[in-house]
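Pasted below: work-v6.cif, mmCIF, C-alpha atoms.
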data_work
loop_
_atom_site.label_atom_id
_atom_site.label_comp_id
_atom_site.auth_asym_id
_atom_site.auth_seq_id
_atom_site.Cartn_x
_atom_site.Cartn_y
_atom_site.Cartn_z
CA GLY D 21 15.72 -4.71 3.62
CA ALA D 22 12.42 -6.36 4.32
CA VAL D 23 11.02 -8.47 1.49
CA VAL D 24 7.48 -9.68 0.95
CA SER D 25 7.04 -12.38 -1.66
CA GLN D 26 3.69 -12.88 -3.35
CA HIS D 27 2.78 -15.89 -5.44
CA PRO D 28 1.62 -16.37 -8.13
CA SER D 29 2.28 -13.15 -9.98
CA ARG D 30 -0.36 -13.96 -12.57
CA VAL D 31 -3.20 -16.45 -12.62
CA ILE D 32 -6.05 -17.17 -14.99
CA CYS D 33 -8.91 -19.26 -13.73
CA LYS D 34 -12.32 -20.34 -14.91
CA SER D 35 -15.46 -18.80 -13.51
CA GLY D 36 -16.70 -20.75 -10.50
CA THR D 37 -13.32 -22.06 -9.41
CA SER D 38 -11.24 -20.95 -6.43
CA VAL D 39 -7.80 -19.38 -6.45
CA LYS D 40 -5.29 -19.14 -3.61
CA ILE D 41 -2.72 -16.35 -3.38
CA GLU D 42 0.22 -16.60 -1.00
CA CYS D 43 2.00 -13.78 0.77
CA ARG D 44 5.25 -14.49 2.59
CA SER D 45 7.53 -12.28 4.64
CA LEU D 46 10.96 -13.61 3.73
CA ASP D 47 13.28 -12.13 6.32
CA PHE D 48 11.05 -10.97 9.12
CA GLN D 49 8.08 -12.11 11.12
CA ALA D 50 4.78 -10.39 10.49
CA THR D 51 2.00 -10.72 13.01
CA THR D 52 -0.15 -8.53 10.81
CA MET D 53 -0.55 -8.57 7.06
CA PHE D 54 -2.89 -6.62 4.86
CA TRP D 55 -4.67 -7.49 1.62
CA TYR D 56 -5.54 -4.91 -1.00
CA ARG D 57 -7.31 -4.98 -4.34
CA GLN D 58 -6.65 -2.59 -7.18
CA PHE D 59 -8.78 -2.14 -10.29
CA PRO D 60 -7.30 -0.56 -13.43
CA LYS D 61 -6.45 3.13 -13.06
CA GLN D 62 -7.67 3.14 -9.47
CA SER D 63 -5.98 3.30 -6.12
CA LEU D 64 -5.44 0.40 -3.74
CA MET D 65 -8.45 -0.57 -1.70
CA LEU D 66 -7.89 -2.28 1.63
CA MET D 67 -9.84 -5.53 1.78
CA ALA D 68 -8.84 -7.03 5.10
CA THR D 69 -6.28 -7.20 7.87
CA SER D 70 -4.82 -10.61 8.54
CA ASN D 71 -3.67 -11.43 12.07
CA GLU D 72 -1.54 -14.46 12.84
CA GLY D 73 -3.49 -17.04 14.79
CA SER D 74 -6.80 -15.22 14.73
CA LYS D 75 -9.60 -14.30 12.38
CA ALA D 76 -9.06 -11.65 9.78
CA THR D 77 -10.77 -8.29 10.01
CA TYR D 78 -12.61 -7.36 6.83
CA GLU D 79 -13.38 -3.89 5.57
CA GLN D 80 -16.95 -2.86 5.08
CA GLY D 81 -18.41 -4.27 1.88
CA VAL D 82 -15.88 -7.09 1.49
CA GLU D 83 -17.47 -10.53 1.59
CA LYS D 84 -15.62 -12.66 4.11
CA ASP D 85 -17.07 -15.89 2.73
CA LYS D 86 -15.83 -15.08 -0.72
CA PHE D 87 -12.36 -13.85 0.21
CA LEU D 88 -11.01 -16.34 2.71
CA ILE D 89 -7.91 -15.26 4.59
CA ASN D 90 -5.69 -17.55 6.59
CA HIS D 91 -2.65 -16.38 8.57
CA ALA D 92 -1.37 -19.63 9.99
CA SER D 93 2.21 -18.60 10.68
CA LEU D 94 4.25 -15.48 11.32
CA THR D 95 5.55 -15.51 7.76
CA LEU D 96 2.60 -16.64 5.65
CA SER D 97 -0.84 -15.29 4.88
CA THR D 98 -3.08 -16.63 2.14
CA LEU D 99 -6.05 -15.15 0.33
CA THR D 100 -8.45 -17.54 -1.37
CA VAL D 101 -10.95 -16.14 -3.84
CA THR D 102 -13.79 -18.65 -3.79
CA SER D 103 -16.20 -19.23 -6.65
CA ALA D 104 -14.46 -16.58 -8.70
CA HIS D 105 -16.39 -14.52 -11.22
CA PRO D 106 -15.15 -12.18 -13.95
CA GLU D 107 -15.84 -9.16 -11.74
CA ASP D 108 -13.25 -10.53 -9.28
CA SER D 109 -10.58 -9.99 -11.91
CA SER D 110 -8.19 -7.50 -10.36
CA PHE D 111 -4.69 -6.87 -9.04
CA TYR D 112 -4.35 -8.25 -5.50
CA ILE D 113 -1.53 -6.97 -3.30
CA CYS D 114 -0.45 -7.92 0.20
CA SER D 115 1.69 -6.02 2.67
CA ALA D 116 3.27 -6.60 6.04
CA ARG D 117 4.62 -4.40 8.78
CA GLN D 118 8.15 -5.03 9.89
CA GLY D 119 8.68 -4.57 13.56
CA LEU D 120 6.81 -2.34 15.94
CA PHE D 121 4.61 0.65 15.24
CA GLY D 122 6.53 3.39 13.54
CA TYR D 123 8.26 1.13 11.06
CA GLY D 124 7.53 0.86 7.37
CA TYR D 125 5.15 -1.47 5.61
CA THR D 126 6.50 -3.65 2.82
CA PHE D 127 4.33 -4.60 -0.12
CA GLY D 128 4.41 -7.67 -2.29
CA SER D 129 4.70 -7.41 -6.05
CA GLY D 130 1.03 -8.24 -6.56
CA THR D 131 -1.02 -10.96 -8.23
CA ARG D 132 -2.92 -10.29 -11.43
CA LEU D 133 -6.08 -12.43 -11.34
CA THR D 134 -8.09 -12.91 -14.50
CA VAL D 135 -11.32 -14.88 -14.30
CA VAL D 136 -12.62 -16.14 -17.64
CA ASP X 27 -11.92 6.78 3.81
CA ALA X 28 -8.54 8.25 2.97
CA LYS X 29 -7.45 11.11 5.18
CA THR X 30 -5.24 12.70 2.54
CA THR X 31 -5.71 14.83 -0.55
CA GLN X 32 -3.13 15.22 -3.29
CA PRO X 33 -3.04 16.83 -6.71
CA THR X 34 -4.04 14.40 -9.42
CA SER X 35 -0.94 14.91 -11.52
CA MET X 36 2.32 16.84 -11.67
CA ASP X 37 5.17 17.24 -14.10
CA CYS X 38 8.83 17.75 -13.36
CA ALA X 39 11.94 18.21 -15.49
CA GLU X 40 14.64 15.61 -15.22
CA GLY X 41 17.38 16.67 -12.83
CA ARG X 42 15.17 19.15 -11.01
CA ALA X 43 13.62 18.72 -7.61
CA ALA X 44 10.10 17.31 -7.49
CA ASN X 45 7.97 18.65 -4.66
CA LEU X 46 4.79 16.68 -4.06
CA PRO X 47 2.28 18.22 -1.64
CA CYS X 48 -0.23 16.42 0.54
CA ASN X 49 -2.97 17.69 2.82
CA HIS X 50 -3.98 15.69 5.88
CA SER X 51 -5.86 18.24 7.95
CA THR X 52 -7.68 15.64 10.10
CA ILE X 53 -4.58 13.77 11.17
CA SER X 54 -4.42 12.76 14.82
CA GLY X 55 -1.46 13.28 17.08
CA ASN X 56 -0.21 9.70 16.95
CA GLU X 57 -0.78 9.05 13.26
CA TYR X 58 2.22 8.75 10.99
CA VAL X 59 2.46 10.05 7.44
CA TYR X 60 3.76 7.53 4.91
CA TRP X 61 4.79 8.01 1.31
CA TYR X 62 4.83 5.21 -1.23
CA ARG X 63 5.08 5.12 -4.98
CA GLN X 64 3.76 2.66 -7.49
CA ILE X 65 5.04 1.99 -10.95
CA HIS X 66 2.53 0.38 -13.26
CA SER X 67 1.54 -3.17 -12.35
CA GLN X 68 3.94 -3.39 -9.43
CA GLY X 69 3.46 -3.33 -5.70
CA PRO X 70 3.91 0.01 -3.92
CA GLN X 71 7.46 0.90 -2.96
CA TYR X 72 8.18 2.48 0.41
CA ILE X 73 9.79 5.92 0.25
CA ILE X 74 9.71 7.54 3.67
CA HIS X 75 7.55 8.14 6.70
CA GLY X 76 7.43 10.54 9.64
CA LEU X 77 5.43 11.73 12.63
CA LYS X 78 6.32 15.33 13.33
CA ASN X 79 9.94 15.97 12.46
CA ASN X 80 11.31 16.34 8.97
CA GLU X 81 12.91 13.18 7.68
CA THR X 82 15.50 12.42 5.03
CA ASN X 83 16.78 9.20 3.55
CA GLU X 84 18.60 8.15 0.42
CA MET X 85 15.47 8.46 -1.68
CA ALA X 86 13.74 11.60 -0.52
CA SER X 87 13.01 14.19 2.12
CA LEU X 88 9.74 14.60 4.00
CA ILE X 89 8.78 18.02 5.27
CA ILE X 90 5.87 18.07 7.74
CA THR X 91 4.34 21.39 8.75
CA GLU X 92 4.36 22.30 12.40
CA ASP X 93 0.60 21.85 12.71
CA ARG X 94 0.96 18.49 10.92
CA LYS X 95 -1.89 19.30 8.58
CA SER X 96 0.19 18.98 5.46
CA SER X 97 3.46 17.59 4.21
CA THR X 98 5.69 17.70 1.15
CA LEU X 99 7.72 14.92 -0.36
CA ILE X 100 10.87 16.14 -2.06
CA LEU X 101 12.76 14.12 -4.64
CA PRO X 102 15.92 16.22 -4.88
CA HIS X 103 17.05 15.27 -8.39
CA ALA X 104 14.25 13.60 -10.30
CA THR X 105 15.10 11.03 -12.95
CA LEU X 106 12.93 9.43 -15.60
CA ARG X 107 12.68 6.33 -13.40
CA ASP X 108 10.89 8.41 -10.77
CA THR X 109 7.83 8.59 -13.02
CA ALA X 110 5.16 6.87 -10.94
CA VAL X 111 2.02 7.38 -8.87
CA TYR X 112 2.95 8.76 -5.45
CA TYR X 113 0.70 8.05 -2.50
CA CYS X 114 0.63 10.05 0.69
CA ILE X 115 -0.98 7.95 3.41
CA VAL X 116 -1.92 8.51 7.01
CA ARG X 117 -1.72 5.33 9.03
CA VAL X 118 -5.03 5.02 10.82
CA LEU X 119 -5.17 3.59 14.32
CA GLN X 120 -8.55 2.27 15.43
CA GLY X 121 -9.25 0.26 18.53
CA GLY X 122 -5.75 -1.14 18.74
CA SER X 123 -5.62 -2.05 15.07
CA GLU X 124 -3.82 -0.24 12.31
CA LYS X 125 -4.19 0.21 8.60
CA LEU X 126 -2.89 2.17 5.65
CA VAL X 127 -5.76 3.64 3.66
CA PHE X 128 -4.69 4.81 0.23
CA GLY X 129 -6.00 7.94 -1.41
CA LYS X 130 -5.92 8.58 -5.12
CA GLY X 131 -2.29 9.66 -5.29
CA THR X 132 -0.38 12.00 -7.58
CA LYS X 133 0.81 10.82 -10.95
CA LEU X 134 4.28 12.32 -11.33
CA THR X 135 5.72 12.49 -14.82
CA VAL X 136 9.40 13.31 -15.11
CA ASN X 137 10.18 14.77 -18.52
CA PRO X 138 13.57 14.67 -20.28
#
I'd like the structure from this file rewritten - as structure tokens, please.
Amino acid sequence: GAVVSQHPSRVICKSGTSVKIECRSLDFQATTMFWYRQFPKQSLMLMATSNEGSKATYEQGVEKDKFLINHASLTLSTLTVTSAHPEDSSFYICSARQGLFGYGYTFGSGTRLTVV
Amino acid sequence: DAKTTQPTSMDCAEGRAANLPCNHSTISGNEYVYWYRQIHSQGPQYIIHGLKNNETNEMASLIITEDRKSSTLILPHATLRDTAVYYCIVRVLQGGSEKLVFGKGTKLTVNP
């Protein structure tokens, strides 16, 4: 089945630094990938939609200058949290759609970001 | 905003069928219903999805009402490993783009 690999699984960074999270579709090409954020005991919140070769589409209230998304190839999307602060500590999850509309969406295993 | 509502929590006995309801009364004709589950600190796992017809796979069955305003996920023989948060999601289509917007989900606890 379709596999989405997310790296790193855990990262601790100092306040003010930037962190990059990678999301790869291992056995399929994904023109569209999605980035979510999940706080403890809450549901997943969609942050942005990443489109290969074009600018990402951000959800209302998500700062595009803080959460930089790059989708440079059909198998890789990256999320960079810039100038991270403790309130950015969260579980970040990516997903990708395999194939055409009507197919399932595969999620990565998530990245636990802790900003100290 | 999520287009689905689910009970906050449910319990089920091991070996029995778990029936998880979901309301999506504002669903549009071309919007699919997806079910995922999430075990603590992991990414969501795909279970099943459908448009209008009932669907079955090796994990579960999806029953969608004729008016498409609600659906039920059925785990035929629940095991302890099925304890998780189950999300019923309507895939939203807007202006040629698509997205899965998660609601709050149902925490299913399977008891021995």
To test your reading of the syntax: which residues would the PyMOL selection byres ((chain X) within 12 of (chain D)) return for the file shown? Reply as a compact mmCIF listing (two decimals) with C-alpha atoms, in the frame of the given file.
# COMPACT_ATOMS: atom_id res chain seq x y z
CA ASP X 27 -11.92 6.78 3.81
CA ALA X 28 -8.54 8.25 2.97
CA THR X 34 -4.04 14.40 -9.42
CA ASN X 56 -0.21 9.70 16.95
CA GLU X 57 -0.78 9.05 13.26
CA TYR X 58 2.22 8.75 10.99
CA VAL X 59 2.46 10.05 7.44
CA TYR X 60 3.76 7.53 4.91
CA TRP X 61 4.79 8.01 1.31
CA TYR X 62 4.83 5.21 -1.23
CA ARG X 63 5.08 5.12 -4.98
CA GLN X 64 3.76 2.66 -7.49
CA ILE X 65 5.04 1.99 -10.95
CA HIS X 66 2.53 0.38 -13.26
CA SER X 67 1.54 -3.17 -12.35
CA GLN X 68 3.94 -3.39 -9.43
CA GLY X 69 3.46 -3.33 -5.70
CA PRO X 70 3.91 0.01 -3.92
CA GLN X 71 7.46 0.90 -2.96
CA TYR X 72 8.18 2.48 0.41
CA ILE X 73 9.79 5.92 0.25
CA ILE X 74 9.71 7.54 3.67
CA HIS X 75 7.55 8.14 6.70
CA GLY X 76 7.43 10.54 9.64
CA LEU X 77 5.43 11.73 12.63
CA LYS X 78 6.32 15.33 13.33
CA VAL X 111 2.02 7.38 -8.87
CA TYR X 112 2.95 8.76 -5.45
CA TYR X 113 0.70 8.05 -2.50
CA CYS X 114 0.63 10.05 0.69
CA ILE X 115 -0.98 7.95 3.41
CA VAL X 116 -1.92 8.51 7.01
CA ARG X 117 -1.72 5.33 9.03
CA VAL X 118 -5.03 5.02 10.82
CA LEU X 119 -5.17 3.59 14.32
CA GLY X 122 -5.75 -1.14 18.74
CA SER X 123 -5.62 -2.05 15.07
CA GLU X 124 -3.82 -0.24 12.31
CA LYS X 125 -4.19 0.21 8.60
CA LEU X 126 -2.89 2.17 5.65
CA VAL X 127 -5.76 3.64 3.66
CA PHE X 128 -4.69 4.81 0.23
CA GLY X 129 -6.00 7.94 -1.41
CA LYS X 130 -5.92 8.58 -5.12
CA GLY X 131 -2.29 9.66 -5.29
CA THR X 132 -0.38 12.00 -7.58
CA LYS X 133 0.81 10.82 -10.95
Correct to one decimal, the distance atom CA of X:Pro47-atom CA of X:Arg94 is 12.6 Å
Computed gap from atom CA of X:Ala39 to atom CA of X:Pro138 is 6.2 Å
Compare X:Asn49, X:Gln120, X:Thr135, X:Thr109 by their minimum atom-to-atom distance to X:Asp93, counting all atoms listed in the file, and give me the closest one.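 Between X:Asn49, X:Gln120, X:Thr135, X:Thr109, the residue approaching X:Asp93 most closely is X:Asn49.
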Report task. Name the residues in contact with D:Leu99 at a cut-off of 10 Å, using only C-alpha atoms, excluding same-chain residues fewer than 3 positions from it; report them as number ranges by chain. Result -> D: 39-43, 55, 68, 70, 86-91, 102, 112, 114
(Q) Would you compute the distance between atom CA of D:Thr95 and atom CA of D:Val31? Give it in Å to one decimal. (A)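 Spanning atom CA of D:Thr95 to atom CA of D:Val31 is a straight-line distance of 22.2 Å.
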Quiz item: Any chance you could work out the residue set of the PyMOL selection byres ((chain X and resi 41-45) around 7) here, as a ChimeraX atom specification?
Solution: /X:38-40,46-47,98-105
Next, write the just-selected residues to a file, as a tab-separated table (two decimals), keeping the file's coordinate frame, keeping C-alpha atoms as the atom set.
chain	number	residue	atom	x	y	z
X	38	CYS	CA	8.83	17.75	-13.36
X	39	ALA	CA	11.94	18.21	-15.49
X	40	GLU	CA	14.64	15.61	-15.22
X	46	LEU	CA	4.79	16.68	-4.06
X	47	PRO	CA	2.28	18.22	-1.64
X	98	THR	CA	5.69	17.70	1.15
X	99	LEU	CA	7.72	14.92	-0.36
X	100	ILE	CA	10.87	16.14	-2.06
X	101	LEU	CA	12.76	14.12	-4.64
X	102	PRO	CA	15.92	16.22	-4.88
X	103	HIS	CA	17.05	15.27	-8.39
X	104	ALA	CA	14.25	13.60	-10.30
X	105	THR	CA	15.10	11.03	-12.95
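Residues within 10 Å of D:Gly81, counting only C-alpha atoms and excluding same-chain residues fewer than 3 positions away, are Met67, Tyr78 and Lys84 of chain D.
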From the list X:Cys48, X:Met36, X:Ala110, X:Ile53, the nearest residue to X:Ser97 using all atoms listed in the file is X:Cys48
Got a sec: who's within 10 Å of D:Asp47, counting only C-alpha atoms, leaving out chain neighbours fewer than 6 positions off, as a PyMOL selection string? chain D and resi 21-24+95+118
As a PDB file, in the coordinates of the input, the rebuilt stretch 87-98 of chain X with all heavy atoms:
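Contents of selection17.pdb, freshly written:
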ATOM      1  N   SER X  87      13.198  13.469   0.866  1.00  0.00           N
ATOM      2  CA  SER X  87      13.010  14.190   2.120  1.00  0.00           C
ATOM      3  C   SER X  87      11.523  14.392   2.349  1.00  0.00           C
ATOM      4  O   SER X  87      10.755  14.544   1.388  1.00  0.00           O
ATOM      5  CB  SER X  87      13.705  15.552   2.090  1.00  0.00           C
ATOM      6  OG  SER X  87      15.098  15.403   2.022  1.00  0.00           O
ATOM      7  N   LEU X  88      11.131  14.387   3.619  1.00  0.00           N
ATOM      8  CA  LEU X  88       9.740  14.600   4.000  1.00  0.00           C
ATOM      9  C   LEU X  88       9.693  15.816   4.902  1.00  0.00           C
ATOM     10  O   LEU X  88      10.345  15.823   5.960  1.00  0.00           O
ATOM     11  CB  LEU X  88       9.182  13.376   4.710  1.00  0.00           C
ATOM     12  CG  LEU X  88       7.780  13.497   5.314  1.00  0.00           C
ATOM     13  CD1 LEU X  88       6.751  13.816   4.228  1.00  0.00           C
ATOM     14  CD2 LEU X  88       7.403  12.205   6.042  1.00  0.00           C
ATOM     15  N   ILE X  89       8.938  16.805   4.480  1.00  0.00           N
ATOM     16  CA  ILE X  89       8.780  18.020   5.270  1.00  0.00           C
ATOM     17  C   ILE X  89       7.351  18.030   5.802  1.00  0.00           C
ATOM     18  O   ILE X  89       6.393  18.018   5.010  1.00  0.00           O
ATOM     19  CB  ILE X  89       9.022  19.281   4.422  1.00  0.00           C
ATOM     20  CG1 ILE X  89      10.368  19.187   3.698  1.00  0.00           C
ATOM     21  CG2 ILE X  89       8.954  20.529   5.308  1.00  0.00           C
ATOM     22  CD1 ILE X  89      11.569  19.094   4.606  1.00  0.00           C
ATOM     23  N   ILE X  90       7.191  18.056   7.106  1.00  0.00           N
ATOM     24  CA  ILE X  90       5.870  18.070   7.740  1.00  0.00           C
ATOM     25  C   ILE X  90       5.695  19.429   8.411  1.00  0.00           C
ATOM     26  O   ILE X  90       6.571  19.873   9.156  1.00  0.00           O
ATOM     27  CB  ILE X  90       5.739  16.942   8.780  1.00  0.00           C
ATOM     28  CG1 ILE X  90       6.004  15.582   8.126  1.00  0.00           C
ATOM     29  CG2 ILE X  90       4.341  16.954   9.420  1.00  0.00           C
ATOM     30  CD1 ILE X  90       6.017  14.420   9.100  1.00  0.00           C
ATOM     31  N   THR X  91       4.571  20.077   8.140  1.00  0.00           N
ATOM     32  CA  THR X  91       4.340  21.390   8.750  1.00  0.00           C
ATOM     33  C   THR X  91       4.177  21.238  10.255  1.00  0.00           C
ATOM     34  O   THR X  91       3.858  20.165  10.763  1.00  0.00           O
ATOM     35  CB  THR X  91       3.092  22.045   8.161  1.00  0.00           C
ATOM     36  OG1 THR X  91       1.961  21.175   8.363  1.00  0.00           O
ATOM     37  CG2 THR X  91       3.270  22.320   6.679  1.00  0.00           C
ATOM     38  N   GLU X  92       4.378  22.344  10.940  1.00  0.00           N
ATOM     39  CA  GLU X  92       4.360  22.300  12.400  1.00  0.00           C
ATOM     40  C   GLU X  92       2.998  21.861  12.940  1.00  0.00           C
ATOM     41  O   GLU X  92       2.921  21.164  13.954  1.00  0.00           O
ATOM     42  CB  GLU X  92       4.700  23.688  12.953  1.00  0.00           C
ATOM     43  CG  GLU X  92       5.060  23.685  14.430  1.00  0.00           C
ATOM     44  CD  GLU X  92       5.693  24.990  14.872  1.00  0.00           C
ATOM     45  OE1 GLU X  92       6.236  25.728  14.016  1.00  0.00           O
ATOM     46  OE2 GLU X  92       5.631  25.272  16.074  1.00  0.00           O
ATOM     47  N   ASP X  93       1.935  22.261  12.258  1.00  0.00           N
ATOM     48  CA  ASP X  93       0.600  21.850  12.710  1.00  0.00           C
ATOM     49  C   ASP X  93       0.230  20.449  12.215  1.00  0.00           C
ATOM     50  O   ASP X  93      -0.850  19.942  12.518  1.00  0.00           O
ATOM     51  CB  ASP X  93      -0.466  22.862  12.288  1.00  0.00           C
ATOM     52  CG  ASP X  93      -0.593  22.995  10.777  1.00  0.00           C
ATOM     53  OD1 ASP X  93       0.024  22.183  10.043  1.00  0.00           O
ATOM     54  OD2 ASP X  93      -1.295  23.900  10.318  1.00  0.00           O
ATOM     55  N   ARG X  94       1.104  19.852  11.440  1.00  0.00           N
ATOM     56  CA  ARG X  94       0.960  18.490  10.920  1.00  0.00           C
ATOM     57  C   ARG X  94      -0.212  18.335   9.952  1.00  0.00           C
ATOM     58  O   ARG X  94      -0.601  17.223   9.636  1.00  0.00           O
ATOM     59  CB  ARG X  94       0.826  17.470  12.057  1.00  0.00           C
ATOM     60  CG  ARG X  94       2.001  17.457  12.990  1.00  0.00           C
ATOM     61  CD  ARG X  94       1.931  16.312  13.978  1.00  0.00           C
ATOM     62  NE  ARG X  94       2.159  15.039  13.308  1.00  0.00           N
ATOM     63  CZ  ARG X  94       1.291  14.028  13.276  1.00  0.00           C
ATOM     64  NH1 ARG X  94       0.121  14.116  13.873  1.00  0.00           N
ATOM     65  NH2 ARG X  94       1.600  12.913  12.643  1.00  0.00           N
ATOM     66  N   LYS X  95      -0.745  19.416   9.469  1.00  0.00           N
ATOM     67  CA  LYS X  95      -1.890  19.300   8.580  1.00  0.00           C
ATOM     68  C   LYS X  95      -1.505  19.120   7.122  1.00  0.00           C
ATOM     69  O   LYS X  95      -2.363  18.886   6.263  1.00  0.00           O
ATOM     70  CB  LYS X  95      -2.791  20.528   8.731  1.00  0.00           C
ATOM     71  CG  LYS X  95      -3.470  20.586  10.098  1.00  0.00           C
ATOM     72  CD  LYS X  95      -4.449  21.734  10.194  1.00  0.00           C
ATOM     73  CE  LYS X  95      -5.148  21.694  11.559  1.00  0.00           C
ATOM     74  NZ  LYS X  95      -6.152  22.768  11.679  1.00  0.00           N
ATOM     75  N   SER X  96      -0.246  19.230   6.824  1.00  0.00           N
ATOM     76  CA  SER X  96       0.190  18.980   5.460  1.00  0.00           C
ATOM     77  C   SER X  96       1.664  18.567   5.457  1.00  0.00           C
ATOM     78  O   SER X  96       2.374  18.756   6.452  1.00  0.00           O
ATOM     79  CB  SER X  96      -0.006  20.215   4.579  1.00  0.00           C
ATOM     80  OG  SER X  96       0.833  21.272   5.012  1.00  0.00           O
ATOM     81  N   SER X  97       2.065  17.996   4.351  1.00  0.00           N
ATOM     82  CA  SER X  97       3.460  17.590   4.210  1.00  0.00           C
ATOM     83  C   SER X  97       3.856  17.682   2.743  1.00  0.00           C
ATOM     84  O   SER X  97       2.990  17.788   1.851  1.00  0.00           O
ATOM     85  CB  SER X  97       3.682  16.173   4.744  1.00  0.00           C
ATOM     86  OG  SER X  97       2.907  15.225   4.033  1.00  0.00           O
ATOM     87  N   THR X  98       5.154  17.653   2.509  1.00  0.00           N
ATOM     88  CA  THR X  98       5.690  17.700   1.150  1.00  0.00           C
ATOM     89  C   THR X  98       6.775  16.648   1.017  1.00  0.00           C
ATOM     90  O   THR X  98       7.673  16.560   1.860  1.00  0.00           O
ATOM     91  CB  THR X  98       6.281  19.076   0.815  1.00  0.00           C
ATOM     92  OG1 THR X  98       5.262  20.068   0.952  1.00  0.00           O
ATOM     93  CG2 THR X  98       6.829  19.106  -0.604  1.00  0.00           C
TER      94      THR X  98
END
